[in-house]
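Below is run07.txt, holding compact mmCIF, C-alpha atoms (C1' of nucleotides).
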# COMPACT_ATOMS: atom_id res chain seq x y z
CA MET A 1 181.28 209.79 119.69
CA ARG A 2 182.57 206.51 121.01
CA ALA A 3 186.30 205.92 120.95
CA ASP A 4 186.18 203.16 118.34
CA ALA A 5 183.91 205.24 116.15
CA LYS A 6 186.26 208.18 116.34
CA LYS A 7 189.13 205.95 115.39
CA ASN A 8 187.27 204.63 112.37
CA HIS A 9 186.23 208.12 111.38
CA ASP A 10 189.80 209.37 111.40
CA HIS A 11 191.21 206.34 109.68
CA ILE A 12 188.68 206.57 106.86
CA LEU A 13 189.63 210.19 106.46
CA ASP A 14 193.32 209.38 106.22
CA VAL A 15 192.82 206.68 103.64
CA ALA A 16 190.38 208.84 101.67
CA ARG A 17 192.82 211.74 101.62
CA GLU A 18 195.46 209.55 100.04
CA LEU A 19 193.14 207.81 97.59
CA LEU A 20 191.39 210.96 96.42
CA ALA A 21 194.68 212.79 96.06
CA THR A 22 196.07 210.13 93.73
CA GLY A 23 192.93 208.85 92.02
CA GLY A 24 190.92 212.05 91.75
CA ALA A 25 187.76 213.17 93.50
CA ASP A 26 185.69 210.34 92.08
CA ALA A 27 187.76 207.48 93.39
CA SER A 28 185.80 204.44 94.53
CA LEU A 29 184.33 204.79 98.02
CA ARG A 30 184.27 201.03 98.22
CA ASP A 31 188.01 201.12 97.82
CA VAL A 32 188.30 203.62 100.63
CA ALA A 33 186.29 201.37 102.97
CA ARG A 34 188.29 198.35 101.87
CA LYS A 35 191.66 200.00 102.35
CA ALA A 36 190.54 201.45 105.67
CA GLY A 37 189.67 197.92 106.77
CA VAL A 38 186.14 199.00 107.59
CA GLY A 39 182.70 197.71 106.62
CA LEU A 40 180.77 199.48 103.90
CA GLY A 41 178.05 200.46 106.35
CA THR A 42 180.59 202.13 108.60
CA MET A 43 181.85 204.14 105.69
CA TYR A 44 178.36 205.36 104.86
CA ARG A 45 177.43 206.04 108.45
CA HIS A 46 180.34 208.41 108.91
CA PHE A 47 180.08 209.98 105.48
CA PRO A 48 176.58 209.52 104.05
CA THR A 49 177.50 211.24 100.78
CA ARG A 50 180.62 211.84 98.79
CA GLU A 51 180.20 215.54 99.56
CA THR A 52 180.32 214.86 103.28
CA LEU A 53 183.64 213.14 102.84
CA LEU A 54 185.01 215.88 100.59
CA GLU A 55 183.88 218.49 103.07
CA ALA A 56 185.70 216.76 105.91
CA LEU A 57 188.82 216.46 103.78
CA LEU A 58 188.77 220.07 102.66
CA ARG A 59 187.60 221.69 105.89
CA SER A 60 190.99 222.80 107.10
CA SER A 61 191.90 224.05 103.63
CA PHE A 62 188.69 226.05 103.46
CA ASP A 63 189.41 227.59 106.83
CA ARG A 64 192.88 228.51 105.72
CA LEU A 65 191.50 230.15 102.60
CA SER A 66 189.07 232.21 104.62
CA ALA A 67 191.73 233.29 107.09
CA SER A 68 194.02 234.18 104.25
CA ALA A 69 191.32 236.29 102.61
CA VAL A 70 190.74 238.22 105.83
CA GLU A 71 194.45 238.82 106.08
CA LEU A 72 194.77 239.91 102.48
CA GLU A 73 191.80 242.24 102.73
CA ARG A 74 193.88 244.73 104.65
CA THR A 75 197.30 244.37 103.06
CA GLY A 76 198.82 245.67 99.88
CA PRO A 77 196.95 246.94 96.86
CA GLY A 78 193.65 245.24 96.11
CA ASN A 79 194.63 243.74 92.79
CA THR A 80 197.75 241.97 94.02
CA ALA A 81 195.86 240.76 97.09
CA LEU A 82 193.20 239.24 94.84
CA LEU A 83 195.84 237.67 92.66
CA SER A 84 197.64 236.02 95.58
CA TRP A 85 194.40 234.67 96.89
CA LEU A 86 193.39 233.25 93.50
CA ARG A 87 196.72 231.50 93.40
CA GLU A 88 196.00 229.88 96.75
CA VAL A 89 192.62 228.65 95.57
CA ILE A 90 194.12 227.14 92.46
CA VAL A 91 196.79 225.34 94.47
CA LEU A 92 194.08 223.81 96.62
CA ALA A 93 192.00 222.75 93.63
CA ARG A 94 195.08 221.32 91.99
CA HIS A 95 195.64 218.98 94.91
CA TYR A 96 192.18 217.43 94.77
CA GLY A 97 191.62 216.70 91.11
CA GLY A 98 188.03 217.12 90.07
CA ALA A 99 186.92 218.55 93.41
CA ILE A 100 186.22 221.93 91.87
CA ARG A 101 183.33 220.43 89.97
CA SER A 102 181.65 219.37 93.20
CA MET A 103 182.36 222.78 94.66
CA VAL A 104 180.68 224.59 91.79
CA ALA A 105 177.67 222.31 92.01
CA ALA A 106 177.50 222.76 95.78
CA LEU A 107 177.29 226.49 95.35
CA GLU A 108 173.69 226.19 94.23
CA ASP A 109 172.72 223.03 96.05
CA GLU A 110 171.78 224.00 99.58
CA SER A 111 171.47 220.38 100.61
CA SER A 112 175.09 219.66 99.77
CA ALA A 113 177.50 219.22 102.64
CA LEU A 114 179.89 221.44 100.72
CA HIS A 115 177.40 224.27 100.35
CA ALA A 116 178.31 226.40 103.35
CA SER A 117 182.04 226.13 102.77
CA CYS A 118 181.77 227.01 99.11
CA VAL A 119 179.51 229.95 99.80
CA GLY A 120 182.12 231.12 102.28
CA VAL A 121 184.93 230.82 99.78
CA LYS A 122 182.88 232.63 97.18
CA ALA A 123 182.06 235.41 99.65
CA ALA A 124 185.72 235.84 100.54
CA GLY A 125 186.63 236.11 96.88
CA THR A 126 183.83 238.57 96.29
CA ARG A 127 185.11 240.84 99.05
CA LEU A 128 188.62 240.85 97.64
CA LEU A 129 187.22 241.48 94.19
CA ALA A 130 185.07 244.38 95.38
CA ARG A 131 187.97 246.12 97.07
CA ALA A 132 190.17 245.87 93.98
CA GLN A 133 187.29 247.14 91.88
CA SER A 134 186.76 250.11 94.17
CA GLU A 135 190.42 250.91 93.76
CA GLY A 136 189.85 250.81 90.03
CA THR A 137 192.47 248.17 89.27
CA VAL A 138 190.13 245.34 88.29
CA ARG A 139 187.49 245.39 85.60
CA PRO A 140 184.14 246.33 87.08
CA ASP A 141 181.96 244.00 85.01
CA LEU A 142 182.73 240.96 87.13
CA ASP A 143 180.98 239.51 90.13
CA GLY A 144 181.80 236.75 92.59
CA ALA A 145 180.19 234.10 90.40
CA ASP A 146 182.41 235.08 87.50
CA LEU A 147 185.44 234.84 89.72
CA PHE A 148 184.42 231.37 90.83
CA ALA A 149 183.88 230.34 87.23
CA ILE A 150 187.33 231.56 86.27
CA VAL A 151 188.91 229.67 89.15
CA GLY A 152 186.99 226.58 88.09
CA ALA A 153 188.11 226.92 84.50
CA LEU A 154 191.74 227.27 85.54
CA ALA A 155 191.45 224.30 87.85
CA TRP A 156 189.91 222.29 85.04
CA ILE A 157 192.87 223.06 82.81
CA ASN A 158 195.10 221.87 85.61
CA ASP A 159 193.20 218.62 85.83
CA GLN A 160 193.80 217.72 82.20
CA PRO A 161 197.21 216.06 81.92
CA ALA A 162 197.51 217.19 78.31
CA LEU A 163 197.10 220.84 79.30
CA SER A 164 198.66 221.12 82.71
CA GLN A 165 202.09 222.03 81.38
CA ARG A 166 200.84 225.37 80.10
CA SER A 167 198.54 226.04 83.03
CA ASP A 168 200.80 228.55 84.73
CA HIS A 169 201.03 230.51 81.53
CA LEU A 170 197.27 230.41 81.06
CA PHE A 171 196.75 231.44 84.66
CA ALA A 172 198.81 234.53 83.95
CA ILE A 173 196.96 235.35 80.76
CA ILE A 174 193.48 234.85 82.11
CA THR A 175 194.05 236.63 85.40
CA ASP A 176 195.59 239.38 83.33
CA ALA A 177 192.27 239.71 81.58
CA VAL A 178 190.52 239.97 84.90
CA LEU A 179 192.91 242.36 86.55
CA THR A 180 193.07 244.77 83.68
CA LYS A 181 190.35 247.28 83.06
CA PRO A 182 188.73 246.77 79.66
CA MET B 1 178.74 195.87 55.37
CA ARG B 2 175.62 193.77 55.32
CA ALA B 3 172.31 195.57 55.11
CA ASP B 4 171.15 194.55 58.60
CA ALA B 5 174.49 195.59 60.08
CA LYS B 6 174.29 198.96 58.41
CA LYS B 7 170.80 199.44 59.77
CA ASN B 8 171.93 198.58 63.30
CA HIS B 9 174.93 200.87 62.96
CA ASP B 10 172.80 203.83 61.97
CA HIS B 11 170.13 203.17 64.53
CA ILE B 12 172.67 202.96 67.35
CA LEU B 13 174.07 206.25 66.18
CA ASP B 14 170.67 207.92 66.20
CA VAL B 15 169.85 206.72 69.68
CA ALA B 16 173.30 207.62 70.95
CA ARG B 17 173.06 211.12 69.56
CA GLU B 18 169.88 211.73 71.49
CA LEU B 19 171.04 210.08 74.71
CA LEU B 20 174.44 211.76 74.77
CA ALA B 21 172.91 215.13 73.96
CA THR B 22 170.56 214.96 76.92
CA GLY B 23 172.54 212.87 79.39
CA GLY B 24 176.05 214.12 78.68
CA ALA B 25 179.00 212.40 77.07
CA ASP B 26 179.21 209.73 79.75
CA ALA B 27 175.71 208.37 79.39
CA SER B 28 175.37 204.61 79.80
CA LEU B 29 176.29 202.63 76.70
CA ARG B 30 174.11 199.84 78.00
CA ASP B 31 171.22 202.25 77.80
CA VAL B 32 172.08 203.08 74.22
CA ALA B 33 172.06 199.41 73.26
CA ARG B 34 168.84 198.85 75.15
CA LYS B 35 167.03 201.80 73.61
CA ALA B 36 168.34 200.87 70.17
CA GLY B 37 166.85 197.40 70.69
CA VAL B 38 170.18 195.80 70.00
CA GLY B 39 172.32 193.27 71.87
CA LEU B 40 175.27 194.45 73.90
CA GLY B 41 177.70 192.63 71.66
CA THR B 42 176.33 194.40 68.60
CA MET B 43 176.88 197.71 70.28
CA TYR B 44 180.49 196.87 71.04
CA ARG B 45 181.16 195.43 67.64
CA HIS B 46 180.14 198.60 65.88
CA PHE B 47 181.71 200.92 68.43
CA PRO B 48 184.43 199.12 70.38
CA THR B 49 185.14 202.14 72.57
CA ARG B 50 183.26 205.18 73.72
CA GLU B 51 185.65 207.28 71.64
CA THR B 52 184.66 205.40 68.49
CA LEU B 53 181.06 206.30 69.12
CA LEU B 54 181.86 209.91 69.92
CA GLU B 55 183.96 210.15 66.79
CA ALA B 56 181.12 208.87 64.63
CA LEU B 57 178.73 211.31 66.27
CA LEU B 58 181.01 214.30 65.89
CA ARG B 59 182.48 213.51 62.48
CA SER B 60 180.23 215.82 60.51
CA SER B 61 180.71 218.58 63.05
CA PHE B 62 184.47 218.19 62.84
CA ASP B 63 184.33 218.39 59.09
CA ARG B 64 182.23 221.52 59.28
CA LEU B 65 184.74 223.10 61.66
CA SER B 66 187.60 222.35 59.33
CA ALA B 67 185.77 223.72 56.31
CA SER B 68 184.83 226.78 58.27
CA ALA B 69 188.43 227.35 59.27
CA VAL B 70 189.61 227.13 55.67
CA GLU B 71 186.94 229.63 54.71
CA LEU B 72 187.81 232.01 57.52
CA GLU B 73 191.51 231.84 56.75
CA ARG B 74 191.00 234.06 53.75
CA THR B 75 188.26 236.41 54.88
CA GLY B 76 188.25 239.48 57.09
CA PRO B 77 190.90 240.47 59.59
CA GLY B 78 192.64 237.64 61.38
CA ASN B 79 191.43 238.45 64.84
CA THR B 80 187.74 238.52 64.01
CA ALA B 81 188.14 235.34 61.96
CA LEU B 82 189.70 233.61 64.93
CA LEU B 83 186.96 234.86 67.21
CA SER B 84 184.17 233.60 64.94
CA TRP B 85 185.80 230.23 64.72
CA LEU B 86 186.24 229.97 68.49
CA ARG B 87 182.56 230.70 68.83
CA GLU B 88 181.75 227.82 66.50
CA VAL B 89 183.90 225.43 68.50
CA ILE B 90 182.22 226.45 71.73
CA VAL B 91 178.78 225.93 70.25
CA LEU B 92 179.76 222.41 69.24
CA ALA B 93 181.21 221.63 72.65
CA ARG B 94 178.11 223.04 74.28
CA HIS B 95 175.92 220.57 72.46
CA TYR B 96 177.79 217.50 73.64
CA GLY B 97 178.30 218.09 77.33
CA GLY B 98 181.57 216.69 78.61
CA ALA B 99 182.85 215.75 75.18
CA ILE B 100 185.58 218.35 75.35
CA ARG B 101 187.28 216.34 78.06
CA SER B 102 187.60 213.35 75.75
CA MET B 103 188.82 215.61 72.99
CA VAL B 104 191.59 217.04 75.11
CA ALA B 105 192.64 213.57 76.21
CA ALA B 106 192.55 212.32 72.62
CA LEU B 107 194.95 215.03 71.59
CA GLU B 108 197.81 213.15 73.22
CA ASP B 109 196.49 209.62 72.90
CA GLU B 110 197.34 208.37 69.44
CA SER B 111 195.34 205.21 69.97
CA SER B 112 192.14 207.14 70.54
CA ALA B 113 189.56 207.12 67.77
CA LEU B 114 189.20 210.84 68.33
CA HIS B 115 192.90 211.54 67.89
CA ALA B 116 193.00 212.41 64.20
CA SER B 117 189.93 214.64 64.34
CA CYS B 118 191.16 216.53 67.37
CA VAL B 119 194.58 217.03 65.89
CA GLY B 120 192.85 218.42 62.83
CA VAL B 121 190.76 220.84 64.85
CA LYS B 122 193.80 221.94 66.77
CA ALA B 123 195.76 222.48 63.56
CA ALA B 124 192.95 224.56 62.09
CA GLY B 125 192.87 226.72 65.19
CA THR B 126 196.61 227.07 65.14
CA ARG B 127 196.54 228.35 61.58
CA LEU B 128 193.92 230.97 62.38
CA LEU B 129 195.88 231.94 65.45
CA ALA B 130 199.12 232.29 63.52
CA ARG B 131 197.59 234.56 60.93
CA ALA B 132 196.11 236.87 63.53
CA GLN B 133 199.42 236.91 65.33
CA SER B 134 201.27 237.81 62.15
CA GLU B 135 198.84 240.69 61.73
CA GLY B 136 199.76 241.78 65.22
CA THR B 137 196.23 241.71 66.62
CA VAL B 138 196.58 238.72 68.92
CA ARG B 139 199.07 238.25 71.71
CA PRO B 140 202.13 236.40 70.45
CA ASP B 141 202.77 234.29 73.54
CA LEU B 142 200.10 231.72 72.68
CA ASP B 143 200.27 228.48 70.75
CA GLY B 144 197.69 226.04 69.49
CA ALA B 145 197.72 224.07 72.74
CA ASP B 146 196.91 227.21 74.69
CA LEU B 147 194.04 227.92 72.37
CA PHE B 148 192.68 224.42 72.84
CA ALA B 149 193.00 224.80 76.60
CA ILE B 150 191.08 228.05 76.53
CA VAL B 151 188.33 226.51 74.45
CA GLY B 152 188.21 223.61 76.89
CA ALA B 153 187.99 225.91 79.87
CA LEU B 154 185.14 227.87 78.30
CA ALA B 155 183.33 224.67 77.39
CA TRP B 156 183.77 223.46 80.95
CA ILE B 157 182.13 226.60 82.27
CA ASN B 158 179.29 225.96 79.88
CA ASP B 159 178.87 222.45 81.21
CA GLN B 160 178.37 223.59 84.80
CA PRO B 161 174.71 224.52 85.24
CA ALA B 162 175.61 226.91 88.04
CA LEU B 163 177.92 228.88 85.77
CA SER B 164 176.38 228.66 82.34
CA GLN B 165 174.33 231.85 82.75
CA ARG B 166 177.46 233.97 82.76
CA SER B 167 179.30 231.95 80.15
CA ASP B 168 178.73 234.40 77.31
CA HIS B 169 180.11 237.17 79.43
CA LEU B 170 183.12 235.10 80.40
CA PHE B 171 183.66 234.11 76.80
CA ALA B 172 183.91 237.78 75.95
CA ILE B 173 186.30 238.54 78.79
CA ILE B 174 188.61 235.63 78.22
CA THR B 175 188.75 235.95 74.46
CA ASP B 176 189.39 239.62 75.06
CA ALA B 177 192.48 238.59 76.97
CA VAL B 178 193.59 236.48 74.06
CA LEU B 179 192.84 238.89 71.31
CA THR B 180 194.49 241.83 72.94
CA LYS B 181 198.20 242.27 72.88
CA PRO B 182 199.67 242.34 76.37
C1' DA C 1 176.03 202.68 119.81
C1' DC C 2 178.36 201.06 116.53
C1' DC C 3 179.97 197.68 113.06
C1' DT C 4 179.58 194.10 109.36
C1' DG C 5 178.71 192.20 105.02
C1' DA C 6 175.08 190.26 102.13
C1' DA C 7 171.74 192.01 98.88
C1' DC C 8 170.06 194.89 95.18
C1' DA C 9 170.34 197.53 91.10
C1' DC C 10 173.31 199.33 88.24
C1' DC C 11 177.68 199.67 84.98
C1' DG C 12 181.51 198.23 81.18
C1' DT C 13 183.47 194.42 78.74
C1' DT C 14 184.03 189.78 76.90
C1' DC C 15 182.77 185.68 74.65
C1' DA C 16 180.41 181.16 73.69
C1' DA C 17 176.43 180.05 71.31
C1' DG C 18 173.19 180.87 67.87
C1' DT C 19 171.29 182.44 62.87
C1' DA D 1 178.89 187.78 58.86
C1' DC D 2 176.51 189.21 62.12
C1' DC D 3 173.69 189.09 66.40
C1' DT D 4 172.40 187.78 71.25
C1' DG D 5 172.58 187.62 76.07
C1' DA D 6 174.76 185.26 79.93
C1' DA D 7 178.88 185.88 82.64
C1' DC D 8 182.38 188.40 85.09
C1' DA D 9 184.21 192.05 87.72
C1' DC D 10 183.24 196.19 89.24
C1' DC D 11 180.38 200.24 91.46
C1' DG D 12 176.97 202.94 94.98
C1' DT D 13 173.53 202.32 98.47
C1' DT D 14 170.65 200.05 101.90
C1' DC D 15 169.58 197.30 105.74
C1' DA D 16 169.00 193.07 108.68
C1' DA D 17 171.87 190.89 111.82
C1' DG D 18 175.41 190.96 115.02
C1' DT D 19 178.52 192.89 119.19

Could you show the structure in this file as structure tokens?
Amino acid sequence: MRADAKKNHDHILDVARELLATGGADASLRDVARKAGVGLGTMYRHFPTRETLLEALLRSSFDRLSASAVELERTGPGNTALLSWLREVIVLARHYGGAIRSMVAALEDESSALHASCVGVKAAGTRLLARAQSEGTVRPDLDGADLFAIVGALAWINDQPALSQRSDHLFAIITDAVLTKP
Amino acid sequence: MRADAKKNHDHILDVARELLATGGADASLRDVARKAGVGLGTMYRHFPTRETLLEALLRSSFDRLSASAVELERTGPGNTALLSWLREVIVLARHYGGAIRSMVAALEDESSALHASCVGVKAAGTRLLARAQSEGTVRPDLDGADLFAIVGALAWINDQPALSQRSDHLFAIITDAVLTKP
DNA sequence: ACCTGAACACCGTTCAAGT
DNA sequence: ACCTGAACACCGTTCAAGT
């Protein structure tokens, strides 16, 4: 990559991070280009789709989640490990409002730039879930997809201003349902 | 209302019902006007905001929910009554994809055309919740807002094609968490 | 190689002009 | 009273033209 291209790439990313954090995951890409002082074509060359941009923004967070899962897989009891990890995922989703929707969609769309990352996150969650289940502390009638759905639902609650006040409480209640055997 | 106006009003509603049912709650209003064979201004005169249109579409469903709640308030044990009612709400939300988002927002926005209806639905749910709680079959640390949030979260799961297969299962698990004392 | 911005096809919303 | 559609300000996406 040429030096000027690299500079543009990084600057777009910086601006996008700020705009998507404040305006939600469906902020105007035109705005991003404008505020980055870059032509529209440049924007689209570096990030051909919204998913590409989201992926670049979330990459480091995804990596951190994976590392954290590996760590948690061999510490403490399985149920508390799973719970801590779920909390981390929610915190991430909270920071990029609406991003969870793209992540869920990407899970089944192999052509999405977010696909690999989301599959990785799901796999990490599934491993933590399986261990807790084998220890008998989490209900056995759940799979990784269910876990992802629950995370998504909690993130959605977080995204709604009218509901976000009670979201910690609801996190506790719903994870309670997951972590308790039926 | 003049006869031609009434006719336009109803026809817009019919077209909108079909378009919003298939394309989700944020289908193009321009499309609605176009397919109803009506000028854009006519569209906006009859339904100045998207909420107005949604309200007109959902009115009968809202009324049915309220009637159903009144009915359920004096039949069977409180927890099963609450559960049946929650199921009805979910079915409604399922039919108008994305509408639940507007409903949640309308709950706090007094200027929204959906406000009154949503407050009514929330109140009905709160009554059913309170009865079940007084019977000691539902966890006491929940209020009407929590209930609405849970319904929203379940409806959100339903809206995501990747998750909807497991949504019945998740409905069972999450309502289980609600209906069981901690 | 990379960047720019005009061009195209959309959208929501408003409003002067028509009947 | 009511309807129409042009007009305006946006958006995403593409692509010829520039350096």

List the neighbours of range 1-18 of chain D out to 9 Å using only C-alpha atoms (C1' of nucleotides); skip same-chain residues closer than 2 positions along the sequence, and give me the result as an mmCIF file with C-alpha atoms (C1' of nucleotides), in the frame of the given file.
data_model
loop_
_atom_site.group_PDB
_atom_site.id
_atom_site.type_symbol
_atom_site.label_atom_id
_atom_site.label_comp_id
_atom_site.auth_asym_id
_atom_site.auth_seq_id
_atom_site.Cartn_x
_atom_site.Cartn_y
_atom_site.Cartn_z
ATOM 1 C CA SER A 28 185.800 204.440 94.530
ATOM 2 C CA LEU A 29 184.330 204.790 98.020
ATOM 3 C CA ARG A 30 184.270 201.030 98.220
ATOM 4 C CA GLY A 41 178.050 200.460 106.350
ATOM 5 C CA TYR A 44 178.360 205.360 104.860
ATOM 6 C CA MET B 1 178.740 195.870 55.370
ATOM 7 C CA ARG B 2 175.620 193.770 55.320
ATOM 8 C CA ASP B 4 171.150 194.550 58.600
ATOM 9 C CA ALA B 5 174.490 195.590 60.080
ATOM 10 C CA VAL B 38 170.180 195.800 70.000
ATOM 11 C CA GLY B 39 172.320 193.270 71.870
ATOM 12 C CA LEU B 40 175.270 194.450 73.900
ATOM 13 C CA GLY B 41 177.700 192.630 71.660
ATOM 14 C CA THR B 42 176.330 194.400 68.600
ATOM 15 C "C1'" DC C 3 179.970 197.680 113.060
ATOM 16 C "C1'" DT C 4 179.580 194.100 109.360
ATOM 17 C "C1'" DA C 7 171.740 192.010 98.880
ATOM 18 C "C1'" DC C 8 170.060 194.890 95.180
ATOM 19 C "C1'" DC C 10 173.310 199.330 88.240
ATOM 20 C "C1'" DC C 11 177.680 199.670 84.980
ATOM 21 C "C1'" DG C 12 181.510 198.230 81.180
ATOM 22 C "C1'" DT C 13 183.470 194.420 78.740
ATOM 23 C "C1'" DT C 14 184.030 189.780 76.900
ATOM 24 C "C1'" DC C 15 182.770 185.680 74.650
ATOM 25 C "C1'" DA C 17 176.430 180.050 71.310
ATOM 26 C "C1'" DG C 18 173.190 180.870 67.870
ATOM 27 C "C1'" DT C 19 171.290 182.440 62.870
#

Which distance in Å separates CA of Phe62 in chain B and CA of His95 in chain B, to one decimal?
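These two atoms are separated by 13.1 Å.
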
In Å to one decimal, how far is CA of Leu65 in chain B from CA of Ala123 in chain B?
11.2 Å

Which distance in Å separates CA of Thr126 in chain B and CA of Ile174 in chain A, to one decimal?
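Separation between CA of Thr126 in chain B and CA of Ile174 in chain A: 18.9 Å.
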
Who sits within 7 Å of Ala162 in chain A, only C-alpha atoms (C1' of nucleotides), same chain under 4 positions skipped, as a list in words:
Val104, Ala105 and Glu108 of chain B

Taking every listed atom of range 4-14 of chain C and adding 5 Å to each side, what centre and edge lengths in Å (one decimal) does the axis-aligned box have, as lines of an AutoDock Vina configuration file?
center_x = 177.0
center_y = 194.7
center_z = 93.1
size_x = 24.0
size_y = 19.9
size_z = 42.5

Residues of chain B were defined as contacting chain A if any atom lay at most 10 Å from it, counting all atoms listed in the file; please report them as an mmCIF file with C-alpha atoms, in the frame of the given file.
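Everything below was put into result_2.cif:
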data_model
loop_
_atom_site.group_PDB
_atom_site.id
_atom_site.type_symbol
_atom_site.label_atom_id
_atom_site.label_comp_id
_atom_site.auth_asym_id
_atom_site.auth_seq_id
_atom_site.Cartn_x
_atom_site.Cartn_y
_atom_site.Cartn_z
ATOM 1 C CA ARG B 101 187.280 216.340 78.060
ATOM 2 C CA SER B 102 187.600 213.350 75.750
ATOM 3 C CA VAL B 104 191.590 217.040 75.110
ATOM 4 C CA ALA B 105 192.640 213.570 76.210
ATOM 5 C CA ALA B 106 192.550 212.320 72.620
ATOM 6 C CA LEU B 107 194.950 215.030 71.590
ATOM 7 C CA GLU B 108 197.810 213.150 73.220
ATOM 8 C CA ASP B 109 196.490 209.620 72.900
ATOM 9 C CA ARG B 139 199.070 238.250 71.710
ATOM 10 C CA ASP B 141 202.770 234.290 73.540
ATOM 11 C CA LEU B 142 200.100 231.720 72.680
ATOM 12 C CA ASP B 143 200.270 228.480 70.750
ATOM 13 C CA ALA B 145 197.720 224.070 72.740
ATOM 14 C CA ASP B 146 196.910 227.210 74.690
ATOM 15 C CA LEU B 147 194.040 227.920 72.370
ATOM 16 C CA PHE B 148 192.680 224.420 72.840
ATOM 17 C CA ALA B 149 193.000 224.800 76.600
ATOM 18 C CA ILE B 150 191.080 228.050 76.530
ATOM 19 C CA GLY B 152 188.210 223.610 76.890
ATOM 20 C CA ALA B 153 187.990 225.910 79.870
ATOM 21 C CA LEU B 154 185.140 227.870 78.300
ATOM 22 C CA ALA B 155 183.330 224.670 77.390
ATOM 23 C CA TRP B 156 183.770 223.460 80.950
ATOM 24 C CA ILE B 157 182.130 226.600 82.270
ATOM 25 C CA ASN B 158 179.290 225.960 79.880
ATOM 26 C CA GLN B 160 178.370 223.590 84.800
ATOM 27 C CA PRO B 161 174.710 224.520 85.240
ATOM 28 C CA ALA B 162 175.610 226.910 88.040
ATOM 29 C CA LEU B 163 177.920 228.880 85.770
ATOM 30 C CA SER B 164 176.380 228.660 82.340
ATOM 31 C CA GLN B 165 174.330 231.850 82.750
ATOM 32 C CA ARG B 166 177.460 233.970 82.760
ATOM 33 C CA SER B 167 179.300 231.950 80.150
ATOM 34 C CA HIS B 169 180.110 237.170 79.430
ATOM 35 C CA LEU B 170 183.120 235.100 80.400
ATOM 36 C CA ILE B 173 186.300 238.540 78.790
ATOM 37 C CA ILE B 174 188.610 235.630 78.220
ATOM 38 C CA THR B 175 188.750 235.950 74.460
ATOM 39 C CA ASP B 176 189.390 239.620 75.060
ATOM 40 C CA ALA B 177 192.480 238.590 76.970
ATOM 41 C CA VAL B 178 193.590 236.480 74.060
ATOM 42 C CA THR B 180 194.490 241.830 72.940
ATOM 43 C CA PRO B 182 199.670 242.340 76.370
#

Within 7 Å of (190.8, 205.5, 74.5) in the file's own coordinates, which protein, DNA or RNA residues have an atom, counting only C-alpha atoms (C1' of nucleotides)? List them as a compact mmCIF listing (two decimals) with C-alpha atoms, keeping the file's coordinate frame.
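Final file, part.txt:
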# COMPACT_ATOMS: atom_id res chain seq x y z
CA THR B 49 185.14 202.14 72.57
CA GLU B 51 185.65 207.28 71.64
CA SER B 111 195.34 205.21 69.97
CA SER B 112 192.14 207.14 70.54

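Using all atoms listed in the file, the shortest contact distance between Ser84 in chain B and any of B:Ile100, B:Leu179, B:Ala3, B:Met43 is found at B:Leu179.
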
What lies within 9 Å of Leu13 in chain B using only C-alpha atoms (C1' of nucleotides), ignoring chain neighbours under 6 positions off, as a list in words?
Val32, Ala36, Leu53, Ala56 and Leu57 of chain B

With all atoms listed in the file as the basis for distance, which of B:Val121, B:Val89, B:Val151, B:Ala33 is at the shortest distance from chain D?
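Among B:Val121, B:Val89, B:Val151, B:Ala33, it is B:Ala33 that comes nearest to chain D.
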
Counting only C-alpha atoms (C1' of nucleotides), what is within 8 Å of Ala99 in chain A, bar same-chain residues fewer than 4 positions away, as number ranges by chain?
A: 24-25, 54, 93, 103

Rebuild range 118-124 of chain A to N, CA, C and O atoms - output it as a short mmCIF file (atom, residue, chain, number, x, y, z; two decimals), keeping the file's coordinate frame, please.
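Final file, rebuild_37.cif:
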data_model
loop_
_atom_site.label_atom_id
_atom_site.label_comp_id
_atom_site.auth_asym_id
_atom_site.auth_seq_id
_atom_site.Cartn_x
_atom_site.Cartn_y
_atom_site.Cartn_z
N CYS A 118 181.56 226.41 100.42
CA CYS A 118 181.77 227.01 99.11
C CYS A 118 181.20 228.41 99.06
O CYS A 118 181.78 229.31 98.43
N VAL A 119 180.07 228.60 99.71
CA VAL A 119 179.51 229.95 99.80
C VAL A 119 180.50 230.86 100.51
O VAL A 119 180.71 232.01 100.10
N GLY A 120 181.13 230.34 101.55
CA GLY A 120 182.12 231.12 102.28
C GLY A 120 183.29 231.50 101.41
O GLY A 120 183.72 232.66 101.40
N VAL A 121 183.80 230.55 100.67
CA VAL A 121 184.93 230.82 99.78
C VAL A 121 184.54 231.87 98.74
O VAL A 121 185.28 232.82 98.48
N LYS A 122 183.35 231.67 98.18
CA LYS A 122 182.88 232.63 97.18
C LYS A 122 182.77 234.04 97.77
O LYS A 122 183.16 235.03 97.14
N ALA A 123 182.23 234.12 98.99
CA ALA A 123 182.06 235.41 99.65
C ALA A 123 183.41 236.09 99.88
O ALA A 123 183.57 237.29 99.64
N ALA A 124 184.37 235.29 100.30
CA ALA A 124 185.72 235.84 100.54
C ALA A 124 186.29 236.40 99.25
O ALA A 124 186.84 237.51 99.22
#
